[in-house]
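Next comes final_20.pdb, with PDB, C-alpha atoms.
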ATOM      1  CA  MET A   7       0.000   0.000   0.000
ATOM      2  CA  LYS A   8       2.735   2.470   0.753
ATOM      3  CA  TYR A   9       4.271   2.042  -2.723
ATOM      4  CA  SER A  10       0.965   2.187  -4.588
ATOM      5  CA  PHE A  11       1.234   5.972  -5.046
ATOM      6  CA  LEU A  12       4.683   5.579  -6.595
ATOM      7  CA  ILE A  13       3.469   2.859  -8.931
ATOM      8  CA  VAL A  14       0.514   4.974 -10.074
ATOM      9  CA  LEU A  15       2.810   7.971 -10.516
ATOM     10  CA  PHE A  16       5.234   5.907 -12.585
ATOM     11  CA  PHE A  17       2.527   4.713 -14.983
ATOM     12  CA  ALA A  18       0.966   8.180 -15.193
ATOM     13  CA  ALA A  19       4.343   9.671 -16.091
ATOM     14  CA  ARG A  20       4.646   7.206 -18.974
ATOM     15  CA  LEU A  21       1.540   8.762 -20.558
ATOM     16  CA  VAL A  22       3.117  12.218 -20.755
ATOM     17  CA  ILE A  23       5.118  12.845 -23.907
ATOM     18  CA  ALA A  24       8.026  15.216 -23.318
ATOM     19  CA  GLN A  25       9.113  15.620 -26.941
ATOM     20  CA  PRO A  26       7.886  18.506 -29.103
ATOM     21  CA  SER A  27       5.830  17.773 -32.173
ATOM     22  CA  PRO A  28       7.684  17.390 -35.495
ATOM     23  CA  ALA A  29       6.194  20.696 -36.690
ATOM     24  CA  TYR A  30       8.744  22.513 -34.478
ATOM     25  CA  ASN A  31      11.853  20.720 -35.792
ATOM     26  CA  LEU A  32      14.466  22.856 -37.553
ATOM     27  CA  ASN A  33      15.821  21.398 -40.780
ATOM     28  CA  PHE A  34      18.632  23.048 -42.729
ATOM     29  CA  THR A  35      19.779  22.030 -46.195
ATOM     30  CA  ASP A  36      23.129  23.839 -45.945
ATOM     31  CA  LEU A  37      25.404  25.398 -43.327
ATOM     32  CA  ALA A  38      25.465  29.160 -42.817
ATOM     33  CA  THR A  39      28.043  30.926 -44.957
ATOM     34  CA  ARG A  40      28.816  33.780 -42.514
ATOM     35  CA  TRP A  41      29.335  33.598 -38.767
ATOM     36  CA  ASP A  42      26.480  36.014 -38.043
ATOM     37  CA  GLU A  43      24.030  33.718 -39.877
ATOM     38  CA  ALA A  44      24.943  30.708 -37.730
ATOM     39  CA  ILE A  45      22.553  29.431 -35.075
ATOM     40  CA  PRO A  46      24.111  29.003 -31.616
ATOM     41  CA  LEU A  47      24.179  25.436 -30.325
ATOM     42  CA  GLY A  48      24.707  24.593 -26.690
ATOM     43  CA  ASN A  49      23.254  24.226 -23.243
ATOM     44  CA  GLY A  50      24.003  27.624 -21.668
ATOM     45  CA  GLN A  51      27.449  26.819 -20.309
ATOM     46  CA  LEU A  52      29.098  25.377 -23.407
ATOM     47  CA  GLY A  53      28.191  26.509 -26.893
ATOM     48  CA  ALA A  54      29.320  26.806 -30.503
ATOM     49  CA  LEU A  55      28.518  28.601 -33.741
ATOM     50  CA  ILE A  56      28.979  26.397 -36.792
ATOM     51  CA  TRP A  57      29.240  27.835 -40.275
ATOM     52  CA  LYS A  58      30.823  26.909 -43.591
ATOM     53  CA  LYS A  59      34.243  28.352 -44.359
ATOM     54  CA  LYS A  60      35.225  27.532 -47.958
ATOM     55  CA  TYR A  61      34.409  23.813 -48.191
ATOM     56  CA  HIS A  62      34.693  22.731 -44.537
ATOM     57  CA  PRO A  63      32.640  23.538 -41.451
ATOM     58  CA  ALA A  64      34.210  26.139 -39.169
ATOM     59  CA  ILE A  65      33.848  25.332 -35.484
ATOM     60  CA  PRO A  66      35.524  27.981 -33.303
ATOM     61  CA  GLY A  67      37.088  27.001 -30.001
ATOM     62  CA  PRO A  68      37.000  28.889 -26.703
ATOM     63  CA  ARG A  69      38.896  32.159 -26.603
TER      64      ARG A  69
END
Let's see the structure in the file written out as structure tokens.
Amino acid sequence: MKYSFLIVLFFAARLVIAQPSPAYNLNFTDLATRWDEAIPLGNGQLGALIWKKKYHPAIPGPR
């Protein structure tokens, strides 16, 4: 009986979908050609801007 709430909570949590719908996905056919067109990627502490420099992706490191 004392674990019944946890079991119900576990199965109720399985019904919730935490992923956004596919309508909100970003799809790009090509990399940005200038650094100010690049979209920042990261989690708030570590990030990167990725763009195309000549024929290879440019990924800058920390300064």
Hits from the PyMOL selection byres ((chain A and resi 40) around 8), listed as a PyMOL selection string: chain A and resi 38-39+41-44+57-59
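Here atom CA of A:Ala64 and atom CA of A:Leu37 stand 9.8 Å from one another.
Note that atom CA of A:Leu55 and atom CA of A:Asn33 are 16.2 Å apart.
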Around stretch 42-45 of chain A, with edges along x, y and z and 4 Å added on all six sides, what centre and edge lengths do you get, in Å to one decimal, as lines of an AutoDock Vina configuration file?
center_x = 24.5
center_y = 32.7
center_z = -37.5
size_x = 11.9
size_y = 14.6
size_z = 12.8
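Going from atom CA of A:Leu52 to atom CA of A:Phe34 covers 22.1 Å.
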